[in-house]
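Have a look at the structure below, then the notes.
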Amino acid sequence: MKCCTLIRGMMLLLGWLIAFPMSSSVFAGNPAPEAIPPARRFEPGKGTFLLNGKPFVVKAAEVHYPRIPEPYWEHRILMCKALGMNTLCLYIFWNYHEREPRKFDFTGNGDIARFCRLAQKHGMYVIVRPGPYVCAEWEMGGLPWWLLRKDGIRLRTNDPYYLECVGLFLKAVGKELAPLQFSRGGNILMVQVENEYGAYATDKAHVAAIRDMVRAAGFTDVTLFQCDWSSTFKRNGLDDLLWTINFGTGADIDGQFKNLRAARPDSPMMCSEFWSGWFDHWGRKHETRNADTMVRGIRDMLDRGISFSLYMTHGGTTFGWWGGANNPAYSAMCSSYDYDAPISEAGWVTPKYEKLRALLQKYTSAPLPDPPAPMPIITIPEFRMARAVSVFEALPEPKVSQDIQPMETFGQGWGTILYSTSLPHAVKAGETLAIDEVHDWAQVFADGKLLARLDRRKKEFSFKLPSDLPAGTRLDILVEAMGRVNFGGSIHDRKGITKKVTLGAEELKNWQVYNLPPDYAFVAATKAKEGISVVGPAWWAGSFDLETTGDTFLDLRDWGKGMVWVNGHALGRFWEIGPQQTLFLPGCWLKKGRNEVIVLDLKGPREPVLRGLDKPILDQLRGIVSDKHRKPGQTLCLQGEKPVAEGTLATGGGWQKVDFPTPTEGRYLCLEICSTFDPNQAAAIAELELIGTDGKPLSRENWRAVYADSEETRSGNATADKVYDLQESTFWAAEPKAKCPHALVIDLGTTVRATGLRILSRAEKGAPGQVKDCRVYLKASPFRL
């Protein structure tokens with residue numbers, strides 16, 4: 001009797017275990033692969049992915065939930081489904097969910113579990129990319145600012161404090177998403193470990209540590225993968241992870257996968273980021289990529305059975321203060337993340353969408369559903385911002401500091417910060433005021449009078465005083481944090497003034513520091529007043545009335561530089577220089593009746609008016625001097641200069657090296673391009689690297705292009721600084737009809753000792769414009785221009 005009861009109990013328990021597989025949160029172990037029901041399995045097979053045992057090509061649409069208002073999530077998911085995608089790919093943004101240490105928020109626009117369930121509701125799978133680093137042209141690449149409060153922290157390494165914080169974050173993500181793994185009834189097929197780590201460092205131990213944390217967070221029943229570039233994937237590839245490759249529109253598909261196929265011939269091939277367009281920087285031309293070229297690349301992958309994720313399928317908007325920056329050279333991202341993607345910033349069908357949908361229909365057996373109707377669009381008649389108050393008259397209580405310290409030290413993550421002191425003695429005109437360093441855009445005032453504006457993009461960190469200043473003069477330095485660097489070693493990007501301020505030979509001390517964060521509670525308390533005339537940095541307030549709500553685009557062409565809030569929602573940054581001149585205002589954030597607007601303008605408007613347009617303005621630059629690195633009439637003179645090396649590269653593209661006969665010291669590098677393999681193509685270079693005496697690339701963080709005889713800027717942003725921007729898909733190119741020889745001159749920022757120069761050609765098939773013969777010069781003094 002006892003035996004029968006025991007057997008019956010064991011059978012009931014076995015049935016319960018099969019019906020409800022336990023997660024790691026229930027017991028220490030995890031179901032063995034054979035315990036997962038065959039009908040709920042996704043895995044790499046031989047040369048293909050297998051979904052429930054059958055071949056499956058992943059056609060993923062990359063979308064970012066914080067860049068889409070939560071009420072519009074379902075609309076954008078349906079747009080992706082109608083395009084022909086079967087999967088959604090999404091980063092998890094650590095700093096969006098943990099804005100203060102140990103305070104996690106997965107509600108509202110951060111409800112990642114809800115987003116995944118909405119995707120499942122419409123029959124779409126999900127790929128999760130929790131980082132912890134994500135890049136994404138997002139503030140600090142997704143890492144939280146408060147990590148920088150710890151002196152000496154080494155981000156993206158096995159720094160104990162960093163790993164402790166990462167572990168807590170991934171555990172929080174696992175609590176939200178681990179139950180939604182495909183084998184457990186959800187729709188999550190794969191989870192990524194770190195992100196493009198080979199472009200940052202070579203440290204397999206660190207990637208392994210992140211992998212173990214992802215598993216410990218409960219992601220044990222899904223395929224774990226790591227992504228990198230074709231030139232970097234071997235640096236940190238772990239044997240137990242799937243490897244994928246990232247590259248962009250126009251790339252040579254077979255060439256990109258050549259090394260991966262050789263390393264793992266039986267693995268499924270996947271482009272985990274196929275870049276549909278590119279992102280915009282303040283002060284640079286609006287970026288676009290050719291639709292036919294994009295579609296052709298996807299067709300080539302599908303014909304080869306290669307899975308892909310289209311980055312971006314819908315970019316959306318980097319609302320608020322979440323935009324990141326690149327370095328070198330420092331350049332902050334625009335608020336619009338339209339990305340020239342198939343689905344526009346406002347969720348509209350574009351010609352690129354229609355061309356891709358027509359292609360994907362050919363690879364889908366059933367007719368694709370129609371795209372959902374676009375959200376209603378409205379215009380808003382011009383209205384005046386009738387209330388104002390100077391920033392200097394709406395300051396919070398100051399914090400006192402003898403020495404200059406960065407923003408993070410004062411507990412501030414984003415926004416603007418004011419440093420004030422009194423001059424201890426009189427100063428004569430012509431004395432130099434130097435700030436080490438401005439991060440990122442500063443205005444300097446003496447007793448309220450503007451003395452100078454300093455822009456980190458231009459490496460403007462000092463100026464000469466235009467007039468005498470008496471003892472006791474109040475010196476104010478108002479600094480706006482534009483966005484932390486999101487790529488490369490510069491992610492250790494503290495804001496405000498990072499080190500010190502000197503006037504002549506004297507370091508200034510005894511500072512009062514005022515935090516001006518972008519949090520709406522602080523913004524709303526600034527109390528702009530009616531009938532006040534304000535010049536310079538100020539808060540402005542106004543309102544408009546609506547009978548009908550809908551999406552619109554706020555026209556900021558009358559304003560200078562700052563940020564906008566509507567009904568408590570931070571729309572993003574604006575800057576008169578463009579190329580973006582509007583801010584997307586979602587209709588779901590508007591209401592019938594009165595709508596309240598607050599604008600922080602750090603320069604001051606030409607006219608304090610706003611209006612809502614029915615179309616965005618994303619391609620209008622204003623007041624920008626030429627971004628070329630050759631001044632009118634300037635010519636490089638190499639007469640009498642002796643090259644340290646000469647080289648002839650091999651055809652076929654990729655990274656190639658010109659060795660120096662002996663190690664050479666110098667600060668100024670000149671690359672003279674004598675010929676290209678195809679004289680009918682404009683010369684082009686994607687990246688340059690100097691190699692140190694240890695055989696490793698030297699840092700390019702302080703490189704600055706000082707001369708290029710020819711740069712193509714009419715059809716794109718192919719300027720000389722692209723050869724050290726750490727992005728293999730961007731490039732310098734000479735103008736189409738400009739013939740060799742060409743020359744690029746770079747100030748390395750410091751004296752280095754190098755053994756060779758590495759040159760990377762363009763990634764497109766045939767390596768257009770590839771350099772053939774070249775000479776390299778490296779010396780201590782500047783070249784004659």
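Residue numbering restarts at 1 for every chain of the structure tokens, chains are lettered A, B, ... in their displayed order, and ligands are numbered from 1 as they appear.
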
Spatial neighbours of segment 700-716 of chain A, max dist 7 Å, only C-alpha atoms, sep filter under 5 positions, as a PyMOL selection string: chain A and resi 287+327-328+628-630+721+724+732-735+742-749

DSSP helix (DSSP H, G or I) residues within segment 259-462 of chain A, listed as a PyMOL selection string: chain A and resi 259-263+291-303+351-362+391-393+407-410+456-458

Selection from above, N, CA, C and O atoms, as a compact mmCIF listing (two decimals), in the first residue's frame, can you write it?
# COMPACT_ATOMS: atom_id res chain seq x y z
N ASN A 259 35.78 35.11 -41.76
CA ASN A 259 36.56 34.61 -40.62
C ASN A 259 35.71 33.82 -39.64
O ASN A 259 36.17 32.84 -39.05
N LEU A 260 34.46 34.23 -39.46
CA LEU A 260 33.58 33.49 -38.55
C LEU A 260 33.26 32.11 -39.11
O LEU A 260 33.25 31.12 -38.37
N ARG A 261 33.02 32.01 -40.40
CA ARG A 261 32.77 30.70 -41.01
C ARG A 261 33.98 29.78 -40.85
O ARG A 261 33.84 28.57 -40.63
N ALA A 262 35.17 30.37 -40.98
CA ALA A 262 36.38 29.56 -40.83
C ALA A 262 36.54 29.08 -39.39
O ALA A 262 36.96 27.95 -39.14
N ALA A 263 36.19 29.95 -38.43
CA ALA A 263 36.35 29.59 -37.02
C ALA A 263 35.27 28.62 -36.55
O ALA A 263 35.54 27.73 -35.75
N ALA A 291 18.57 53.19 -49.40
CA ALA A 291 17.58 52.14 -49.14
C ALA A 291 17.85 50.90 -49.99
O ALA A 291 17.76 49.76 -49.50
N ASP A 292 18.15 51.09 -51.27
CA ASP A 292 18.39 49.94 -52.14
C ASP A 292 19.60 49.13 -51.67
O ASP A 292 19.59 47.89 -51.72
N THR A 293 20.62 49.83 -51.20
CA THR A 293 21.81 49.13 -50.70
C THR A 293 21.48 48.33 -49.45
O THR A 293 21.93 47.19 -49.29
N MET A 294 20.66 48.90 -48.56
CA MET A 294 20.25 48.17 -47.35
C MET A 294 19.46 46.91 -47.71
O MET A 294 19.72 45.82 -47.20
N VAL A 295 18.49 47.07 -48.61
CA VAL A 295 17.64 45.94 -48.99
C VAL A 295 18.47 44.86 -49.67
O VAL A 295 18.28 43.65 -49.42
N ARG A 296 19.42 45.26 -50.49
CA ARG A 296 20.27 44.28 -51.17
C ARG A 296 21.09 43.47 -50.16
O ARG A 296 21.26 42.26 -50.30
N GLY A 297 21.58 44.12 -49.11
CA GLY A 297 22.33 43.41 -48.09
C GLY A 297 21.48 42.40 -47.35
O GLY A 297 21.94 41.28 -47.06
N ILE A 298 20.25 42.76 -47.02
CA ILE A 298 19.36 41.82 -46.34
C ILE A 298 18.99 40.66 -47.26
O ILE A 298 18.95 39.50 -46.84
N ARG A 299 18.77 40.96 -48.52
CA ARG A 299 18.49 39.89 -49.49
C ARG A 299 19.66 38.92 -49.57
O ARG A 299 19.47 37.68 -49.56
N ASP A 300 20.88 39.45 -49.62
CA ASP A 300 22.05 38.58 -49.69
C ASP A 300 22.16 37.70 -48.46
O ASP A 300 22.56 36.53 -48.56
N MET A 301 21.82 38.22 -47.30
CA MET A 301 21.87 37.40 -46.09
C MET A 301 20.79 36.32 -46.12
O MET A 301 21.06 35.15 -45.79
N LEU A 302 19.58 36.68 -46.48
CA LEU A 302 18.50 35.70 -46.52
C LEU A 302 18.78 34.60 -47.53
O LEU A 302 18.49 33.43 -47.28
N ASP A 303 19.35 34.96 -48.67
CA ASP A 303 19.68 33.94 -49.68
C ASP A 303 20.74 32.97 -49.18
O ASP A 303 20.86 31.85 -49.70
N PRO A 351 9.72 55.31 -47.51
CA PRO A 351 10.08 54.55 -48.73
C PRO A 351 11.02 53.38 -48.43
O PRO A 351 10.92 52.33 -49.06
N LYS A 352 11.90 53.54 -47.45
CA LYS A 352 12.79 52.44 -47.07
C LYS A 352 11.98 51.28 -46.50
O LYS A 352 12.30 50.10 -46.74
N TYR A 353 10.95 51.59 -45.72
CA TYR A 353 10.05 50.57 -45.16
C TYR A 353 9.38 49.80 -46.29
O TYR A 353 9.33 48.55 -46.29
N GLU A 354 8.85 50.51 -47.26
CA GLU A 354 8.10 49.86 -48.34
C GLU A 354 9.00 48.94 -49.16
O GLU A 354 8.59 47.84 -49.54
N LYS A 355 10.22 49.37 -49.42
CA LYS A 355 11.14 48.53 -50.19
C LYS A 355 11.53 47.27 -49.41
O LYS A 355 11.60 46.18 -49.99
N LEU A 356 11.77 47.42 -48.12
CA LEU A 356 12.14 46.26 -47.32
C LEU A 356 10.96 45.32 -47.16
O LEU A 356 11.12 44.09 -47.21
N ARG A 357 9.77 45.85 -46.97
CA ARG A 357 8.57 45.02 -46.82
C ARG A 357 8.33 44.19 -48.08
O ARG A 357 7.99 43.00 -48.00
N ALA A 358 8.55 44.81 -49.24
CA ALA A 358 8.38 44.07 -50.49
C ALA A 358 9.37 42.91 -50.58
O ALA A 358 9.02 41.82 -51.06
N LEU A 359 10.58 43.13 -50.11
CA LEU A 359 11.56 42.04 -50.10
C LEU A 359 11.16 40.94 -49.13
O LEU A 359 11.15 39.75 -49.49
N LEU A 360 10.85 41.31 -47.90
CA LEU A 360 10.58 40.30 -46.88
C LEU A 360 9.31 39.51 -47.19
O LEU A 360 9.18 38.36 -46.76
N GLN A 361 8.37 40.10 -47.92
CA GLN A 361 7.20 39.34 -48.33
C GLN A 361 7.58 38.13 -49.18
O GLN A 361 6.96 37.06 -49.10
N LYS A 362 8.67 38.27 -49.95
CA LYS A 362 9.12 37.16 -50.80
C LYS A 362 9.68 36.00 -49.98
O LYS A 362 9.77 34.88 -50.48
N VAL A 391 18.42 82.29 -14.97
CA VAL A 391 19.00 81.16 -14.24
C VAL A 391 19.67 81.64 -12.96
O VAL A 391 19.57 81.00 -11.90
N PHE A 392 20.33 82.80 -13.01
CA PHE A 392 21.06 83.31 -11.85
C PHE A 392 20.14 83.82 -10.74
O PHE A 392 20.58 84.02 -9.61
N GLU A 393 18.86 84.01 -11.06
CA GLU A 393 17.89 84.45 -10.06
C GLU A 393 17.02 83.30 -9.55
O GLU A 393 16.11 83.53 -8.76
N MET A 407 30.77 67.22 -11.54
CA MET A 407 29.35 67.19 -11.20
C MET A 407 29.00 66.00 -10.30
O MET A 407 28.22 66.12 -9.35
N GLU A 408 29.58 64.84 -10.59
CA GLU A 408 29.22 63.63 -9.86
C GLU A 408 29.53 63.75 -8.37
O GLU A 408 28.82 63.20 -7.52
N THR A 409 30.60 64.48 -8.03
CA THR A 409 30.99 64.65 -6.64
C THR A 409 29.90 65.34 -5.83
O THR A 409 29.74 65.09 -4.63
N PHE A 410 29.11 66.18 -6.51
CA PHE A 410 28.05 66.92 -5.84
C PHE A 410 26.70 66.22 -5.94
O PHE A 410 25.65 66.83 -5.71
N ARG A 456 33.57 71.86 -25.83
CA ARG A 456 34.46 70.70 -25.80
C ARG A 456 34.64 70.09 -27.18
O ARG A 456 35.71 69.54 -27.48
N ARG A 457 33.62 70.16 -28.03
CA ARG A 457 33.73 69.61 -29.37
C ARG A 457 34.92 70.21 -30.12
O ARG A 457 35.54 69.57 -30.96
N LYS A 458 35.20 71.48 -29.83
CA LYS A 458 36.28 72.19 -30.51
C LYS A 458 37.54 72.27 -29.66
O LYS A 458 38.48 73.00 -30.02

Separation of atom CA of Arg235 of chain A from atom CA of Asn326 of chain A, in Å and rounded to one decimal: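 Taking atom CA of Arg235 of chain A as the start and atom CA of Asn326 of chain A as the end point, the length is 22.8 Å.
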
Residues near Phe93 of chain A, cut-off 12 Å, only C-alpha atoms, skip fewer than 4 positions along chain, as a VMD selection string: chain A and resid 64 to 67 97 to 99 104 to 106 109 to 112 128 to 144 169 to 170 173 322

Keeping only N, CA and C atoms, write those residues as a compact mmCIF listing (two decimals), in the first residue's frame.
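Saved result, again00.txt, follows:
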# COMPACT_ATOMS: atom_id res chain seq x y z
N HIS A 64 13.94 50.30 -29.28
CA HIS A 64 14.34 50.63 -27.92
C HIS A 64 13.17 51.21 -27.15
N TYR A 65 12.70 50.48 -26.15
CA TYR A 65 11.49 50.88 -25.42
C TYR A 65 11.56 52.27 -24.81
N PRO A 66 12.73 52.77 -24.29
CA PRO A 66 12.71 54.13 -23.73
C PRO A 66 12.60 55.21 -24.81
N ARG A 67 12.87 54.85 -26.04
CA ARG A 67 12.80 55.82 -27.13
C ARG A 67 11.43 55.84 -27.79
N HIS A 97 17.00 52.24 -15.51
CA HIS A 97 16.28 51.50 -14.48
C HIS A 97 16.85 51.70 -13.08
N GLU A 98 18.12 52.11 -12.99
CA GLU A 98 18.75 52.29 -11.68
C GLU A 98 19.40 53.68 -11.66
N ARG A 99 18.57 54.69 -11.52
CA ARG A 99 19.06 56.07 -11.58
C ARG A 99 19.77 56.46 -10.29
N PHE A 104 15.75 50.21 -8.14
CA PHE A 104 15.39 49.74 -9.48
C PHE A 104 13.95 50.13 -9.80
N ASP A 105 13.73 50.51 -11.05
CA ASP A 105 12.40 50.91 -11.48
C ASP A 105 12.11 50.27 -12.84
N PHE A 106 11.14 49.36 -12.86
CA PHE A 106 10.72 48.71 -14.09
C PHE A 106 9.25 48.99 -14.36
N ASN A 109 7.42 53.44 -18.69
CA ASN A 109 8.22 53.27 -19.90
C ASN A 109 9.39 52.32 -19.70
N GLY A 110 9.58 51.85 -18.46
CA GLY A 110 10.63 50.88 -18.17
C GLY A 110 10.11 49.48 -17.92
N ASP A 111 8.84 49.23 -18.21
CA ASP A 111 8.23 47.92 -17.93
C ASP A 111 8.60 46.95 -19.04
N ILE A 112 9.81 46.42 -18.95
CA ILE A 112 10.34 45.57 -20.02
C ILE A 112 9.57 44.26 -20.16
N VAL A 128 16.99 39.57 -26.08
CA VAL A 128 17.27 40.53 -25.01
C VAL A 128 18.77 40.79 -24.96
N ARG A 129 19.13 42.06 -24.86
CA ARG A 129 20.54 42.45 -24.79
C ARG A 129 20.74 43.31 -23.53
N PRO A 130 21.01 42.67 -22.39
CA PRO A 130 21.06 43.40 -21.12
C PRO A 130 22.39 44.05 -20.81
N GLY A 131 23.34 43.94 -21.73
CA GLY A 131 24.63 44.59 -21.51
C GLY A 131 25.50 43.83 -20.52
N PRO A 132 25.93 44.53 -19.44
CA PRO A 132 25.41 45.77 -18.87
C PRO A 132 25.74 47.03 -19.68
N TYR A 133 26.75 46.95 -20.54
CA TYR A 133 27.07 48.06 -21.44
C TYR A 133 26.34 47.82 -22.76
N VAL A 134 25.72 48.87 -23.31
CA VAL A 134 24.95 48.68 -24.54
C VAL A 134 25.35 49.61 -25.68
N CYS A 135 26.10 50.66 -25.42
CA CYS A 135 26.44 51.69 -26.41
C CYS A 135 25.18 52.43 -26.83
N ALA A 136 24.62 52.15 -28.01
CA ALA A 136 23.30 52.64 -28.42
C ALA A 136 23.20 54.15 -28.52
N GLU A 137 24.35 54.86 -28.60
CA GLU A 137 24.32 56.32 -28.62
C GLU A 137 23.52 56.85 -27.43
N TRP A 138 23.63 56.15 -26.34
CA TRP A 138 22.88 56.41 -25.12
C TRP A 138 23.86 56.88 -24.04
N GLU A 139 23.40 57.77 -23.19
CA GLU A 139 24.21 58.29 -22.09
C GLU A 139 25.08 57.20 -21.46
N MET A 140 26.40 57.38 -21.55
CA MET A 140 27.41 56.51 -20.94
C MET A 140 27.25 55.05 -21.36
N GLY A 141 26.67 54.85 -22.54
CA GLY A 141 26.50 53.49 -23.04
C GLY A 141 25.60 52.64 -22.17
N GLY A 142 24.73 53.29 -21.38
CA GLY A 142 23.82 52.57 -20.51
C GLY A 142 24.32 52.38 -19.10
N LEU A 143 25.59 52.68 -18.84
CA LEU A 143 26.11 52.54 -17.48
C LEU A 143 25.65 53.72 -16.63
N PRO A 144 25.33 53.52 -15.37
CA PRO A 144 24.83 54.62 -14.53
C PRO A 144 25.91 55.59 -14.11
N PHE A 169 22.27 44.48 -10.85
CA PHE A 169 21.42 44.90 -11.96
C PHE A 169 20.91 43.71 -12.77
N LEU A 170 21.82 42.79 -13.13
CA LEU A 170 21.40 41.64 -13.93
C LEU A 170 20.42 40.77 -13.16
N VAL A 173 17.12 42.38 -13.61
CA VAL A 173 16.60 42.11 -14.95
C VAL A 173 16.06 40.69 -15.04
N TRP A 322 19.08 61.62 -22.18
CA TRP A 322 19.68 60.30 -22.34
C TRP A 322 20.59 60.18 -23.56

Among the residues A:Pro679, A:Pro697, A:Gly692, A:Gly448, the one that comes closest to Lys737 of chain A [using only C-alpha atoms]: A:Pro679

For Lys603 of chain A, the nearest of the candidates A:Gly323, A:Pro537, A:Pro376, A:Gly237, counting only C-alpha atoms: A:Pro537

Report as CSV the residues of segment 500-527 of chain A within 10 Å of segment 472-477 of chain A, each with its shortest atom pair and distance in Å (one decimal), using only C-alpha atoms, ordered by chain and increasing residue number.
residue,atom,partner,partner_atom,distance
A:Val501,CA,A:Ile477,CA,9.9
A:Trp511,CA,A:Asp476,CA,9.7
A:Gln512,CA,A:Asp476,CA,9.5
A:Val513,CA,A:Ile477,CA,9.8

Save out the residues we just selected, C-alpha atoms, as a short mmCIF file (atom, residue, chain, number, x, y, z; two decimals), in the first residue's frame.
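And here is the file that came out, out.cif:
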data_model
loop_
_atom_site.label_atom_id
_atom_site.label_comp_id
_atom_site.auth_asym_id
_atom_site.auth_seq_id
_atom_site.Cartn_x
_atom_site.Cartn_y
_atom_site.Cartn_z
CA VAL A 501 40.42 76.48 -13.18
CA TRP A 511 33.82 77.80 -5.05
CA GLN A 512 30.08 77.91 -4.53
CA VAL A 513 28.45 75.18 -6.58
#

Who sits within 7 Å of segment 117-119 of chain A, only C-alpha atoms, same chain under 6 positions skipped, as a list in words: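 In the requested form, the answer reads Glu74, Ile77 and Tyr125 of chain A.
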
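Between atom CA of Gly550 of chain A and atom CA of Met375 of chain A lies a distance of 7.0 Å.
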
Residue nearest Lys722 of chain A among A:Phe783, A:Ala329, A:Asp340, A:Gly572 (counting only C-alpha atoms):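 Among the listed residues, A:Ala329 lies closest to Lys722 of chain A.
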
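Among the candidates A:Gly587, A:Gly320, A:Pro608, A:Gly108, the residue lying nearest to Asp551 of chain A is A:Gly587 (atoms considered: only C-alpha atoms).
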
So which residues touch Gly653 of chain A within 12 Å, counting only C-alpha atoms, skipping near sequence neighbours fewer than 4 positions away, as a PDB file with N, CA and C atoms, in the first residue's frame?
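Contents of out.pdb, as written:
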ATOM      1  N   SER A 231      36.462  42.080 -37.341  1.00  0.00           N
ATOM      2  CA  SER A 231      37.879  42.261 -37.029  1.00  0.00           C
ATOM      3  C   SER A 231      38.201  42.044 -35.552  1.00  0.00           C
ATOM      4  N   ALA A 251      28.038  46.772 -46.590  1.00  0.00           N
ATOM      5  CA  ALA A 251      29.169  45.900 -46.286  1.00  0.00           C
ATOM      6  C   ALA A 251      29.165  44.668 -47.194  1.00  0.00           C
ATOM      7  N   ASP A 252      30.342  44.125 -47.409  1.00  0.00           N
ATOM      8  CA  ASP A 252      30.534  42.894 -48.170  1.00  0.00           C
ATOM      9  C   ASP A 252      30.107  41.725 -47.282  1.00  0.00           C
ATOM     10  N   GLY A 255      32.468  38.754 -47.115  1.00  0.00           N
ATOM     11  CA  GLY A 255      33.697  39.166 -46.455  1.00  0.00           C
ATOM     12  C   GLY A 255      33.528  39.315 -44.952  1.00  0.00           C
ATOM     13  N   GLN A 256      32.379  39.810 -44.517  1.00  0.00           N
ATOM     14  CA  GLN A 256      32.140  39.990 -43.096  1.00  0.00           C
ATOM     15  C   GLN A 256      32.082  38.654 -42.354  1.00  0.00           C
ATOM     16  N   LEU A 649      50.330  48.345 -49.830  1.00  0.00           N
ATOM     17  CA  LEU A 649      49.378  47.450 -49.195  1.00  0.00           C
ATOM     18  C   LEU A 649      48.933  46.362 -50.164  1.00  0.00           C
ATOM     19  N   LYS A 657      49.194  46.618 -42.178  1.00  0.00           N
ATOM     20  CA  LYS A 657      50.172  47.353 -41.381  1.00  0.00           C
ATOM     21  C   LYS A 657      51.371  47.783 -42.214  1.00  0.00           C
ATOM     22  N   THR A 676      45.945  54.688 -55.191  1.00  0.00           N
ATOM     23  CA  THR A 676      44.916  53.729 -54.800  1.00  0.00           C
ATOM     24  C   THR A 676      44.885  52.606 -55.821  1.00  0.00           C
ATOM     25  N   PHE A 677      44.265  51.493 -55.469  1.00  0.00           N
ATOM     26  CA  PHE A 677      44.207  50.364 -56.392  1.00  0.00           C
ATOM     27  C   PHE A 677      43.363  50.681 -57.616  1.00  0.00           C
ATOM     28  N   ALA A 684      40.048  56.435 -49.749  1.00  0.00           N
ATOM     29  CA  ALA A 684      39.248  56.351 -48.524  1.00  0.00           C
ATOM     30  C   ALA A 684      39.961  55.492 -47.492  1.00  0.00           C
ATOM     31  N   ILE A 685      39.764  55.840 -46.223  1.00  0.00           N
ATOM     32  CA  ILE A 685      40.319  55.077 -45.101  1.00  0.00           C
ATOM     33  C   ILE A 685      39.269  55.056 -43.992  1.00  0.00           C
ATOM     34  N   ALA A 686      38.999  53.867 -43.437  1.00  0.00           N
ATOM     35  CA  ALA A 686      38.034  53.758 -42.350  1.00  0.00           C
ATOM     36  C   ALA A 686      38.667  54.091 -41.000  1.00  0.00           C
ATOM     37  N   GLU A 687      39.831  53.525 -40.702  1.00  0.00           N
ATOM     38  CA  GLU A 687      40.471  53.745 -39.406  1.00  0.00           C
ATOM     39  C   GLU A 687      41.983  53.705 -39.561  1.00  0.00           C
ATOM     40  N   ARG A 758      48.721  50.973 -38.682  1.00  0.00           N
ATOM     41  CA  ARG A 758      47.730  50.063 -39.268  1.00  0.00           C
ATOM     42  C   ARG A 758      46.664  50.890 -39.973  1.00  0.00           C
ATOM     43  N   ILE A 759      46.241  50.401 -41.152  1.00  0.00           N
ATOM     44  CA  ILE A 759      45.271  51.101 -41.990  1.00  0.00           C
ATOM     45  C   ILE A 759      44.122  50.141 -42.299  1.00  0.00           C
ATOM     46  N   LEU A 760      42.886  50.624 -42.067  1.00  0.00           N
ATOM     47  CA  LEU A 760      41.699  49.826 -42.378  1.00  0.00           C
ATOM     48  C   LEU A 760      40.962  50.474 -43.540  1.00  0.00           C
ATOM     49  N   SER A 761      40.692  49.680 -44.562  1.00  0.00           N
ATOM     50  CA  SER A 761      39.949  50.189 -45.717  1.00  0.00           C
ATOM     51  C   SER A 761      38.453  50.125 -45.451  1.00  0.00           C
ATOM     52  N   ARG A 762      37.661  50.654 -46.359  1.00  0.00           N
ATOM     53  CA  ARG A 762      36.207  50.626 -46.227  1.00  0.00           C
ATOM     54  C   ARG A 762      35.694  49.191 -46.223  1.00  0.00           C
ATOM     55  N   ALA A 763      34.512  49.002 -45.577  1.00  0.00           N
ATOM     56  CA  ALA A 763      33.975  47.652 -45.383  1.00  0.00           C
ATOM     57  C   ALA A 763      33.194  47.135 -46.581  1.00  0.00           C
ATOM     58  N   GLU A 764      32.874  48.012 -47.534  1.00  0.00           N
ATOM     59  CA  GLU A 764      32.071  47.573 -48.669  1.00  0.00           C
ATOM     60  C   GLU A 764      32.825  46.591 -49.561  1.00  0.00           C
ATOM     61  N   LYS A 765      32.083  45.845 -50.341  1.00  0.00           N
ATOM     62  CA  LYS A 765      32.679  44.865 -51.238  1.00  0.00           C
ATOM     63  C   LYS A 765      33.641  45.546 -52.192  1.00  0.00           C
ATOM     64  N   GLY A 766      34.842  45.008 -52.298  1.00  0.00           N
ATOM     65  CA  GLY A 766      35.850  45.589 -53.152  1.00  0.00           C
ATOM     66  C   GLY A 766      36.663  46.675 -52.488  1.00  0.00           C
ATOM     67  N   ALA A 767      36.349  46.998 -51.232  1.00  0.00           N
ATOM     68  CA  ALA A 767      37.071  48.031 -50.474  1.00  0.00           C
ATOM     69  C   ALA A 767      37.283  49.291 -51.305  1.00  0.00           C
ATOM     70  N   PRO A 768      36.192  50.009 -51.640  1.00  0.00           N
ATOM     71  CA  PRO A 768      36.314  51.184 -52.517  1.00  0.00           C
ATOM     72  C   PRO A 768      37.333  52.199 -52.012  1.00  0.00           C
ATOM     73  N   GLY A 769      38.152  52.676 -52.925  1.00  0.00           N
ATOM     74  CA  GLY A 769      39.132  53.704 -52.586  1.00  0.00           C
ATOM     75  C   GLY A 769      40.307  53.212 -51.777  1.00  0.00           C
ATOM     76  N   GLN A 770      40.551  51.903 -51.760  1.00  0.00           N
ATOM     77  CA  GLN A 770      41.617  51.362 -50.926  1.00  0.00           C
ATOM     78  C   GLN A 770      42.980  51.928 -51.301  1.00  0.00           C
ATOM     79  N   VAL A 771      43.728  52.322 -50.282  1.00  0.00           N
ATOM     80  CA  VAL A 771      45.073  52.842 -50.460  1.00  0.00           C
ATOM     81  C   VAL A 771      45.993  51.726 -50.970  1.00  0.00           C
ATOM     82  N   LYS A 772      46.866  52.073 -51.913  1.00  0.00           N
ATOM     83  CA  LYS A 772      47.856  51.124 -52.411  1.00  0.00           C
ATOM     84  C   LYS A 772      49.254  51.502 -51.904  1.00  0.00           C
TER      85      LYS A 772
END

Surrounding residues of segment 201-218 of chain A excluding itself and chain neighbours under 2 positions, 7 Å, only C-alpha atoms, as a list in words: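 Counting only C-alpha atoms, the residues come to Ser23, Ser24, Thr157, Asn158, Gly167, Leu170, Lys171, Gly174, Ala178, Val193, Glu194, Tyr197, Gly198, Ala199, Thr220, Arg235 and Asn236 of chain A.
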
DSSP strand (DSSP E or B) selection over segment 338-537 of chain A, as a PyMOL selection string: chain A and resi 343+349+377+380-384+387-390+399-401+416-422+427+432-439+441-446+449-455+462-464+469+474-480+485+496-503+506-507+511-516+529-530
